[in-house]
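For reference, final.txt (compact mmCIF, C-alpha atoms and all ligand atoms):
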```
# COMPACT_ATOMS: atom_id res chain seq x y z
CA MET A 1076 0.44 18.80 -20.19
CA THR A 1077 0.20 19.18 -16.41
CA ARG A 1078 3.39 18.38 -14.55
CA ILE A 1079 3.36 17.89 -10.79
CA LEU A 1080 6.30 17.55 -8.41
CA ALA A 1081 5.21 15.13 -5.69
CA ILE A 1082 6.80 14.51 -2.29
CA GLU A 1083 6.16 11.58 0.07
CA THR A 1084 7.68 11.12 3.55
CA SER A 1085 4.85 9.53 5.57
CA CYS A 1086 6.83 6.56 6.89
CA ASP A 1087 10.32 5.27 6.12
CA GLU A 1088 10.83 6.14 2.45
CA THR A 1089 11.93 9.61 1.37
CA ALA A 1090 10.45 9.98 -2.11
CA ALA A 1091 9.97 12.57 -4.85
CA ALA A 1092 8.57 12.25 -8.37
CA VAL A 1093 7.55 14.31 -11.37
CA VAL A 1094 4.31 13.06 -12.94
CA ALA A 1095 2.70 14.31 -16.16
CA ASP A 1096 -1.10 14.25 -16.52
CA GLY A 1097 -1.43 11.82 -13.63
CA ARG A 1098 -0.27 8.84 -15.67
CA HIS A 1099 3.22 9.43 -16.99
CA LEU A 1100 6.32 9.13 -14.84
CA LEU A 1101 9.02 11.63 -15.78
CA GLY A 1102 11.16 11.17 -12.69
CA ASN A 1103 10.82 8.89 -9.68
CA GLN A 1104 13.23 8.66 -6.75
CA VAL A 1105 12.90 6.69 -3.52
CA ALA A 1106 15.51 6.65 -0.73
CA THR A 1107 14.60 3.79 1.57
CA GLN A 1108 15.54 3.72 5.25
CA ILE A 1109 15.07 -0.04 5.68
CA ASP A 1110 18.71 -0.68 6.66
CA LEU A 1111 18.57 2.02 9.35
CA HIS A 1112 15.51 0.53 11.04
CA ARG A 1113 16.51 -3.12 10.75
CA ARG A 1114 18.27 -3.25 14.11
CA PHE A 1115 15.11 -1.94 15.83
CA GLY A 1116 12.95 -4.59 14.13
CA GLY A 1117 10.54 -1.88 12.96
CA VAL A 1118 10.35 1.79 12.01
CA PHE A 1119 11.81 4.02 14.76
CA PRO A 1120 9.90 7.30 14.34
CA GLU A 1121 12.57 9.79 15.49
CA VAL A 1122 15.22 8.07 13.37
CA ALA A 1123 12.85 8.16 10.40
CA SER A 1124 12.17 11.90 10.59
CA ARG A 1125 15.83 12.76 11.04
CA GLN A 1126 16.75 10.66 8.03
CA HIS A 1127 14.02 12.36 5.95
CA VAL A 1128 15.63 15.72 6.81
CA LEU A 1129 19.02 14.43 5.65
CA ALA A 1130 17.73 12.90 2.41
CA ILE A 1131 14.93 15.12 1.14
CA GLN A 1132 16.88 17.79 -0.73
CA THR A 1133 18.89 15.26 -2.71
CA VAL A 1134 15.86 13.11 -3.48
CA ILE A 1135 13.91 16.11 -4.83
CA GLN A 1136 16.88 17.34 -6.87
CA ASP A 1137 17.43 13.86 -8.32
CA ALA A 1138 13.75 13.52 -9.31
CA LEU A 1139 13.82 16.94 -11.01
CA ALA A 1140 17.07 16.12 -12.81
CA GLU A 1141 15.71 12.75 -13.98
CA ALA A 1142 12.65 14.55 -15.36
CA GLY A 1143 14.85 17.17 -17.06
CA VAL A 1144 13.26 19.99 -15.07
CA GLY A 1145 15.59 22.96 -14.61
CA ARG A 1146 13.36 25.19 -12.48
CA VAL A 1147 10.56 24.12 -10.14
CA ALA A 1148 8.60 27.19 -11.33
CA ASP A 1149 8.36 25.59 -14.79
CA LEU A 1150 6.06 22.91 -13.34
CA ASP A 1151 2.34 23.29 -12.61
CA ALA A 1152 1.98 22.28 -8.96
CA ILE A 1153 3.59 20.69 -5.94
CA ALA A 1154 1.83 17.82 -4.17
CA VAL A 1155 2.68 16.32 -0.80
CA THR A 1156 1.38 13.59 1.51
CA HIS A 1157 -0.14 15.23 4.61
CA GLY A 1158 -1.45 12.04 6.27
CA PRO A 1159 -1.94 9.39 7.47
CA GLY A 1160 1.53 8.50 8.71
CA LEU A 1161 4.15 9.30 11.33
CA ALA A 1162 3.72 12.93 12.41
CA GLY A 1163 7.43 13.77 12.49
CA SER A 1164 8.00 12.17 9.10
CA LEU A 1165 5.01 13.86 7.46
CA LEU A 1166 6.21 17.22 8.77
CA VAL A 1167 9.50 16.98 6.88
CA GLY A 1168 7.81 16.45 3.49
CA VAL A 1169 5.13 19.07 4.12
CA SER A 1170 7.69 21.67 5.25
CA ALA A 1171 9.87 21.05 2.20
CA ALA A 1172 6.82 21.28 -0.09
CA LYS A 1173 5.66 24.52 1.54
CA GLY A 1174 9.10 26.04 1.08
CA LEU A 1175 9.19 25.09 -2.61
CA SER A 1176 5.65 26.37 -3.12
CA LEU A 1177 6.48 29.73 -1.53
CA ALA A 1178 9.70 30.08 -3.51
CA SER A 1179 8.20 29.08 -6.86
CA GLY A 1180 4.68 30.48 -6.55
CA LEU A 1181 3.22 27.08 -7.54
CA PRO A 1182 0.02 25.84 -5.87
CA LEU A 1183 0.52 23.31 -3.08
CA LEU A 1184 -1.78 20.25 -3.09
CA ALA A 1185 -2.42 18.06 -0.03
CA VAL A 1186 -2.71 14.33 -0.73
CA ASN A 1187 -4.02 11.50 1.43
CA HIS A 1188 -1.49 8.65 1.46
CA LEU A 1189 -4.22 6.03 0.98
CA GLU A 1190 -5.58 7.87 -2.04
CA GLY A 1191 -1.99 7.85 -3.30
CA HIS A 1192 -1.80 4.05 -3.04
CA ILE A 1193 -5.06 3.77 -5.01
CA TYR A 1194 -3.64 5.90 -7.83
CA SER A 1195 -0.49 3.79 -8.10
CA ASN A 1196 -2.72 1.76 -10.42
CA TRP A 1197 -3.34 4.72 -12.72
CA ILE A 1198 0.32 5.18 -13.64
CA GLN A 1199 1.28 3.80 -17.03
CA VAL A 1200 4.38 1.67 -17.08
CA GLU A 1201 6.06 0.50 -20.26
CA GLY A 1202 5.29 -3.08 -21.19
CA ARG A 1203 2.17 -3.30 -19.03
CA PRO A 1204 -1.46 -3.16 -20.19
CA ILE A 1205 -3.03 0.30 -20.29
CA PHE A 1206 -6.36 0.50 -18.47
CA PRO A 1207 -9.05 3.11 -19.17
CA GLU A 1208 -8.61 6.05 -16.79
CA ASP A 1209 -12.27 6.94 -16.33
CA GLU A 1210 -14.04 3.57 -16.13
CA PHE A 1211 -15.92 2.89 -12.89
CA PRO A 1212 -16.98 1.31 -10.55
CA VAL A 1213 -13.70 -0.21 -9.43
CA VAL A 1214 -13.18 -2.28 -6.31
CA VAL A 1215 -9.87 -1.43 -4.64
CA LEU A 1216 -8.05 -3.40 -1.97
CA ILE A 1217 -5.42 -1.35 -0.14
CA VAL A 1218 -2.99 -3.60 1.74
CA SER A 1219 -0.08 -1.85 3.40
CA GLY A 1220 1.84 -1.88 6.67
CA GLY A 1221 -0.71 0.36 8.37
CA HIS A 1222 -3.92 -0.28 6.44
CA THR A 1223 -6.19 -2.94 5.01
CA GLU A 1224 -9.16 -1.28 3.33
CA LEU A 1225 -11.70 -2.52 0.81
CA ILE A 1226 -13.08 0.40 -1.20
CA LEU A 1227 -15.74 0.85 -3.84
CA MET A 1228 -14.58 3.63 -6.14
CA THR A 1229 -17.37 5.13 -8.22
CA GLY A 1230 -15.38 7.96 -9.82
CA HIS A 1231 -12.18 9.95 -9.32
CA GLY A 1232 -12.05 10.90 -5.65
CA ARG A 1233 -15.34 9.11 -4.93
CA TYR A 1234 -14.91 6.35 -2.39
CA ARG A 1235 -17.18 4.17 -0.31
CA ARG A 1236 -15.52 2.09 2.39
CA LEU A 1237 -16.87 -1.45 2.22
CA GLY A 1238 -14.75 -2.84 5.04
CA GLY A 1239 -11.33 -3.02 6.56
CA THR A 1240 -9.33 -4.76 9.21
CA LEU A 1241 -10.76 -5.07 12.70
CA ASP A 1242 -7.31 -5.45 14.22
CA ASP A 1243 -3.89 -5.83 12.52
CA ALA A 1244 -3.25 -4.56 9.01
CA ALA A 1245 -2.19 -7.23 6.50
CA GLY A 1246 1.39 -5.92 6.34
CA GLU A 1247 1.54 -5.76 10.13
CA ALA A 1248 0.55 -9.47 10.25
CA PHE A 1249 3.35 -10.33 7.80
CA ASP A 1250 5.81 -8.31 9.90
CA LYS A 1251 4.71 -9.91 13.20
CA VAL A 1252 4.68 -13.48 11.87
CA ALA A 1253 8.13 -12.93 10.34
CA ARG A 1254 9.38 -11.83 13.75
CA LEU A 1255 7.76 -14.88 15.34
CA LEU A 1256 9.52 -17.17 12.87
CA ASP A 1257 12.84 -15.28 13.21
CA LEU A 1258 12.86 -14.45 9.52
CA GLY A 1259 14.12 -10.87 9.76
CA TYR A 1260 12.94 -7.38 8.79
CA PRO A 1261 10.97 -6.21 6.88
CA GLY A 1262 8.63 -9.13 7.38
CA GLY A 1263 6.68 -9.20 4.12
CA PRO A 1264 9.61 -9.80 1.78
CA ALA A 1265 11.20 -12.13 4.39
CA ILE A 1266 8.08 -14.34 4.52
CA GLN A 1267 7.88 -14.39 0.72
CA ARG A 1268 11.54 -15.44 0.45
CA ALA A 1269 11.21 -18.14 3.10
CA ALA A 1270 7.99 -19.46 1.54
CA GLN A 1271 9.44 -19.82 -1.93
CA ASP A 1272 9.64 -23.62 -2.07
CA GLY A 1273 7.32 -24.22 0.85
CA ASP A 1274 4.16 -26.31 0.99
CA PRO A 1275 1.21 -23.96 1.67
CA ALA A 1276 -1.00 -26.92 2.60
CA ARG A 1277 1.29 -28.46 5.23
CA TYR A 1278 -0.19 -26.52 8.15
CA ASP A 1279 -3.89 -25.85 8.37
CA LEU A 1280 -4.35 -22.20 9.38
CA PRO A 1281 -7.65 -20.33 9.81
CA ARG A 1282 -9.18 -18.06 7.14
CA PRO A 1283 -10.83 -15.60 9.57
CA LEU A 1284 -14.20 -13.88 9.02
CA GLY A 1285 -15.00 -16.16 6.15
CA GLN A 1286 -17.67 -18.40 7.54
CA PHE A 1287 -20.25 -16.25 9.30
CA VAL A 1288 -23.94 -16.51 8.50
CA GLY A 1289 -26.92 -14.17 8.88
CA LYS A 1290 -26.43 -10.78 10.54
CA ALA A 1291 -22.77 -11.33 11.41
CA HIS A 1292 -22.13 -12.23 7.81
CA GLN A 1293 -23.67 -8.97 6.59
CA GLU A 1294 -21.75 -6.99 9.17
CA HIS A 1295 -18.37 -8.62 8.58
CA ARG A 1296 -18.62 -9.72 4.98
CA PHE A 1297 -16.03 -7.18 3.84
CA ASN A 1298 -14.06 -6.89 7.06
CA PHE A 1299 -10.77 -8.60 7.80
CA SER A 1300 -9.10 -9.86 10.95
CA PHE A 1301 -5.48 -10.91 11.02
CA SER A 1302 -4.67 -11.10 14.72
CA GLY A 1303 -6.36 -14.53 15.02
CA LEU A 1304 -4.26 -15.84 12.15
CA LYS A 1305 -1.13 -14.49 13.82
CA THR A 1306 -2.14 -16.18 17.12
CA ALA A 1307 -2.81 -19.42 15.25
CA VAL A 1308 0.76 -19.31 13.91
CA LEU A 1309 2.04 -18.63 17.45
CA ASN A 1310 0.06 -21.56 18.90
CA LEU A 1311 1.23 -23.81 16.08
CA THR A 1312 4.89 -22.95 16.70
CA ARG A 1313 4.43 -23.62 20.43
CA SER A 1314 2.86 -26.99 19.80
CA LEU A 1315 5.53 -27.94 17.25
CA ASP A 1316 8.19 -26.85 19.74
CA ALA A 1317 6.59 -29.00 22.44
CA GLN A 1318 6.73 -31.95 20.04
CA GLY A 1319 10.47 -31.38 19.69
CA VAL A 1320 10.29 -30.00 16.14
CA ASP A 1321 13.19 -27.66 15.28
CA LEU A 1322 11.44 -24.40 14.33
CA HIS A 1323 14.58 -23.11 12.65
CA SER A 1324 14.94 -26.04 10.31
CA PRO A 1325 14.58 -24.76 6.74
CA ASP A 1326 11.75 -27.11 5.74
CA VAL A 1327 9.61 -26.19 8.78
CA GLN A 1328 10.23 -22.45 8.31
CA ARG A 1329 9.49 -22.74 4.62
CA ASP A 1330 6.18 -24.55 5.14
CA LEU A 1331 5.11 -22.30 8.03
CA ALA A 1332 5.78 -19.17 5.95
CA ALA A 1333 4.02 -20.64 2.91
CA SER A 1334 0.98 -21.74 4.96
CA PHE A 1335 0.64 -18.31 6.60
CA GLN A 1336 1.07 -16.49 3.30
CA ALA A 1337 -1.56 -18.67 1.62
CA ALA A 1338 -4.08 -18.14 4.44
CA ALA A 1339 -3.61 -14.35 4.32
CA ALA A 1340 -3.83 -14.24 0.52
CA ASP A 1341 -6.92 -16.48 0.43
CA VAL A 1342 -8.92 -14.15 2.69
CA LEU A 1343 -7.79 -10.98 0.89
CA VAL A 1344 -8.58 -12.38 -2.55
CA ALA A 1345 -11.91 -14.02 -1.62
CA LYS A 1346 -13.33 -10.85 -0.07
CA THR A 1347 -12.07 -8.57 -2.83
CA LEU A 1348 -13.61 -10.75 -5.54
CA ASP A 1349 -16.85 -11.08 -3.54
CA ALA A 1350 -17.05 -7.25 -3.34
CA ALA A 1351 -16.26 -6.85 -7.04
CA GLN A 1352 -19.07 -9.22 -8.02
CA THR A 1353 -21.53 -7.78 -5.49
CA PHE A 1354 -21.04 -4.24 -6.79
CA SER A 1355 -20.61 -5.17 -10.47
CA ALA A 1356 -17.14 -3.67 -10.63
CA ARG A 1357 -15.59 -3.17 -14.07
CA ARG A 1358 -12.24 -4.14 -12.64
CA VAL A 1359 -10.33 -4.91 -9.46
CA CYS A 1360 -7.29 -3.00 -8.22
CA ILE A 1361 -4.92 -4.11 -5.47
CA CYS A 1362 -2.27 -1.74 -4.07
CA GLY A 1363 -0.01 -1.03 -1.10
CA GLY A 1364 3.17 -2.75 0.11
CA VAL A 1365 1.62 -6.20 0.54
CA SER A 1366 0.45 -6.17 -3.09
CA ALA A 1367 4.13 -6.83 -3.91
CA ASN A 1368 3.62 -10.33 -2.51
CA SER A 1369 3.98 -12.91 -5.26
CA ALA A 1370 1.57 -15.45 -3.70
CA LEU A 1371 -1.11 -12.76 -3.36
CA ARG A 1372 -0.52 -11.57 -6.94
CA LYS A 1373 -0.75 -15.11 -8.28
CA SER A 1374 -3.88 -16.04 -6.38
CA ALA A 1375 -5.60 -12.71 -7.20
CA GLN A 1376 -4.82 -13.25 -10.89
CA ALA A 1377 -6.22 -16.79 -10.85
CA ALA A 1378 -9.42 -15.70 -9.06
CA SER A 1379 -10.06 -12.69 -11.29
CA ASP A 1380 -9.39 -14.76 -14.43
CA ALA A 1381 -11.95 -17.30 -13.18
CA ALA A 1382 -14.44 -14.47 -12.54
CA GLY A 1383 -13.72 -12.83 -15.90
CA LEU A 1384 -12.73 -9.55 -14.21
CA PRO A 1385 -9.72 -7.46 -15.23
CA LEU A 1386 -7.18 -7.15 -12.41
CA GLN A 1387 -4.62 -4.42 -11.85
CA ILE A 1388 -1.72 -4.57 -9.44
CA PRO A 1389 1.12 -2.04 -9.80
CA PRO A 1390 4.62 -3.11 -10.79
CA LEU A 1391 6.68 -3.86 -7.68
CA PHE A 1392 8.35 -0.44 -7.49
CA LEU A 1393 4.95 1.25 -7.18
CA CYS A 1394 3.54 -1.16 -4.55
CA THR A 1395 5.60 0.12 -1.63
CA ASP A 1396 5.68 3.81 -0.71
CA ASN A 1397 6.65 6.21 -3.51
CA ALA A 1398 5.87 9.76 -4.61
CA ALA A 1399 4.68 8.91 -8.14
CA MET A 1400 1.35 7.74 -6.75
CA ILE A 1401 1.03 11.00 -4.79
CA GLY A 1402 1.50 13.04 -7.98
CA SER A 1403 -1.09 10.92 -9.76
CA ALA A 1404 -3.68 11.25 -6.97
CA ALA A 1405 -3.12 15.03 -6.84
CA TYR A 1406 -3.68 15.33 -10.59
CA TYR A 1407 -6.97 13.39 -10.65
CA ARG A 1408 -8.27 15.11 -7.50
CA SER A 1409 -7.66 18.58 -8.91
CA ARG A 1410 -9.05 17.52 -12.30
CA SER A 1411 -12.30 16.32 -10.70
CA GLN A 1412 -12.47 19.49 -8.59
CA GLY A 1413 -12.00 21.64 -11.66
CA GLY A 1414 -8.72 23.29 -10.65
CA MET A 1415 -5.70 23.37 -8.42
CA ALA A 1416 -6.75 25.13 -5.27
CA GLY A 1417 -3.52 25.68 -3.35
CA GLU A 1418 -3.43 24.72 0.33
CA LEU A 1419 -0.33 26.47 1.61
CA GLY A 1420 -1.79 26.51 5.12
CA MET A 1421 -2.21 22.72 5.22
CA ASP A 1422 -1.54 20.77 8.39
CA ILE A 1423 -0.38 17.19 8.88
CA PHE A 1424 -2.65 14.41 10.19
CA ALA A 1425 -1.22 11.21 11.66
CA ASN A 1426 -4.70 9.66 11.38
CA LEU A 1427 -6.48 10.64 8.21
CA PRO A 1428 -9.22 8.47 6.75
CA LEU A 1429 -9.91 8.29 3.05
CA PRO A 1430 -12.56 10.94 2.32
CA GLU A 1431 -15.90 9.21 1.68
CA ALA A 1432 -18.22 10.51 -1.03
CA VAL A 1433 -20.03 8.38 -3.57
O1 LIG A 1501 2.72 0.56 1.53
P1 LIG A 1501 3.91 0.35 2.36
O2 LIG A 1501 5.28 0.47 1.73
O3 LIG A 1501 3.93 1.29 3.60
C1 LIG A 1501 2.75 1.64 4.31
O4 LIG A 1501 2.02 2.53 3.85
O5 LIG A 1501 2.53 0.95 5.35
O6 LIG A 1501 3.76 -1.12 2.99
C2 LIG A 1501 4.71 -1.70 3.83
C3 LIG A 1501 4.25 -3.10 4.19
C4 LIG A 1501 5.14 -3.77 5.23
O7 LIG A 1501 4.31 -4.33 6.24
C5 LIG A 1501 5.85 -4.85 4.44
O8 LIG A 1501 6.18 -6.01 5.22
C6 LIG A 1501 4.82 -5.19 3.40
O9 LIG A 1501 4.27 -3.94 3.04
N1 LIG A 1501 5.42 -5.83 2.21
C7 LIG A 1501 5.14 -7.09 1.84
C8 LIG A 1501 5.97 -7.38 0.73
N2 LIG A 1501 6.73 -6.26 0.46
C9 LIG A 1501 6.36 -5.32 1.38
N3 LIG A 1501 4.29 -8.00 2.35
C10 LIG A 1501 4.24 -9.21 1.77
N4 LIG A 1501 5.00 -9.56 0.71
C11 LIG A 1501 5.89 -8.69 0.16
N5 LIG A 1501 6.64 -9.04 -0.87
ZN ZN A 1502 1.98 3.26 2.12
```

Step by step, read the file and then write its structure as structure tokens.
Amino acid sequence: MTRILAIETSCDETAAAVVADGRHLLGNQVATQIDLHRRFGGVFPEVASRQHVLAIQTVIQDALAEAGVGRVADLDAIAVTHGPGLAGSLLVGVSAAKGLSLASGLPLLAVNHLEGHIYSNWIQVEGRPIFPEDEFPVVVLIVSGGHTELILMTGHGRYRRLGGTLDDAAGEAFDKVARLLDLGYPGGPAIQRAAQDGDPARYDLPRPLGQFVGKAHQEHRFNFSFSGLKTAVLNLTRSLDAQGVDLHSPDVQRDLAASFQAAAADVLVAKTLDAAQTFSARRVCICGGVSANSALRKSAQAASDAAGLPLQIPPLFLCTDNAAMIGSAAYYRSRSQGGMAGELGMDIFANLPLPEAV
């Protein structure tokens, strides 16, 4: 059994986990900073890195204790997110991981945060179906606060980027629309809450990049654009306001949130299923913070059932940032590379694309 201690501090969650053989969670701790950033309406980078410094020791100790690990040196490796993310935040996790690696003599593995999100779907969770670990190709949709990427995965660590957002990430669109509708922070969960009993068909919002033909269709078939949808919501609220509609009345807010959520989910699901069928995927995986969205989960399930394709979306606690997914990604990457080459000299990268190799 290979046991990895994983550390994740790329944004506003301080997280540590112990993962066995890439699939089994022995310990998993996340200290969220959401309450600290709420009054800024978004993540305040300096506040985030300082809070990581305050929390990291305890989070690591709690994850080790939960896993019943007495000494770090009894494990097999230490993995840490080294990008993409906020530079100051990444630095805290990487420095802590380097210190532990030096003290314990364990190899230090660098993990790409996006690859981490992908592997959140490889972790086995009690009561949920177990999927084969080595069955490819898989089409993966990563939808988080910073990224919207559609990936064809042909093996462990083998990715081809099919498309991504041309402007705002999906989570960013949720956050901005929530702000526009005065729904609070963080925007994704706020929109979902507001939309609960809303009518998604009350307001007709655009499904961008869906209706191109010819060359533009080929070029943009697997790309996304959310800024137009956000502007459409803005224009709609202005016109409703001009008509004397109270934008804060619960039924208007509810239907606006539900209509936006449905438009975003429709585009994400349609393109993901189109890619899965085009590339004969064996299954579809969705991951990242926005994959916690219940409307997206429901509509993805309905579409993949109709297409006869298995669908995987992580349980809610593995959708948003966590270290378990980092430990899983590190395990499969070193397994496919035939060993754990330590990278004690690793640097951090605020912008780090998913490595492409098919
Ligand atoms: O993956 P994540 O935790 O962090 C990044 O890597 O960015 O994703 C955070 C994003 C935020 O934009 C947040 O609003 C969104 O995920 N999110 C949701 C939901 N929960 C979190 N979006 C829609 N519905 C949700 N339930
Ligand atoms: Zn993330």

Expected selection as an MDAnalysis selection string for ligand LIG 1501 (chain A) within 6 Å, only C-alpha atoms and all ligand atoms: chainID A and resid 1219:1221 1246:1247 1249:1250 1261:1264 1267 1363:1365 1367:1368 1395:1396

Name each residue within 10 Å of ligand ZN 1502 (chain A), counting only C-alpha atoms and all ligand atoms, as a ChimeraX atom specification. /A:1083-1088,1159-1160,1188-1192,1217-1222,1362-1365,1393-1397,1400

Okay, now the selection with C-alpha atoms, as a compact mmCIF listing (two decimals), in the frame of the given file?
```
# COMPACT_ATOMS: atom_id res chain seq x y z
CA GLU A 1083 6.16 11.58 0.07
CA THR A 1084 7.68 11.12 3.55
CA SER A 1085 4.85 9.53 5.57
CA CYS A 1086 6.83 6.56 6.89
CA ASP A 1087 10.32 5.27 6.12
CA GLU A 1088 10.83 6.14 2.45
CA PRO A 1159 -1.94 9.39 7.47
CA GLY A 1160 1.53 8.50 8.71
CA HIS A 1188 -1.49 8.65 1.46
CA LEU A 1189 -4.22 6.03 0.98
CA GLU A 1190 -5.58 7.87 -2.04
CA GLY A 1191 -1.99 7.85 -3.30
CA HIS A 1192 -1.80 4.05 -3.04
CA ILE A 1217 -5.42 -1.35 -0.14
CA VAL A 1218 -2.99 -3.60 1.74
CA SER A 1219 -0.08 -1.85 3.40
CA GLY A 1220 1.84 -1.88 6.67
CA GLY A 1221 -0.71 0.36 8.37
CA HIS A 1222 -3.92 -0.28 6.44
CA CYS A 1362 -2.27 -1.74 -4.07
CA GLY A 1363 -0.01 -1.03 -1.10
CA GLY A 1364 3.17 -2.75 0.11
CA VAL A 1365 1.62 -6.20 0.54
CA LEU A 1393 4.95 1.25 -7.18
CA CYS A 1394 3.54 -1.16 -4.55
CA THR A 1395 5.60 0.12 -1.63
CA ASP A 1396 5.68 3.81 -0.71
CA ASN A 1397 6.65 6.21 -3.51
CA MET A 1400 1.35 7.74 -6.75
```

Need to verify the contact set: Pro1281 in chain A, 9 Å, only C-alpha atoms, exclusion of same-chain residues closer than 3 positions in sequence. Can you return it as a ChimeraX atom specification? /A:1303-1304,1307,1338

In terms of all atoms listed in the file, the residue from A:Asn1298, A:Ser1164, A:Thr1229, A:Thr1089 at minimal distance from Glu1431 in chain A is A:Thr1229

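Here the question is which of A:Val1118, A:Leu1284, A:Ala1154, A:Leu1100 gets nearest to Leu1419 in chain A using all atoms listed in the file, and that residue is A:Ala1154.
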
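Comparing A:His1295, A:Arg1357, A:Arg1268, A:Arg1408 by their smallest distance to Leu1227 in chain A, the closest is A:Arg1357 (using only C-alpha atoms).
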
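Counting all atoms listed in the file, the residue from A:Met1076, A:Ala1332, A:Ala1291, A:Val1342 that sits nearest to Arg1254 in chain A is A:Ala1332.
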
Please measure the separation of CA of Val1359 in chain A and CA of His1231 in chain A, giving the value in Å to one decimal. 15.0 Å

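Distances here use only C-alpha atoms; by that measure, the residue among A:Ser1411, A:Ser1355, A:Gln1271, A:Thr1347 closest to Glu1224 in chain A is A:Thr1347.
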
Kindly indicate which residue among A:Gly1163, A:Gly1174, A:Gly1383, A:Gly1180 lies nearest to Asp1149 in chain A, using only C-alpha atoms for the distances. A:Gly1180
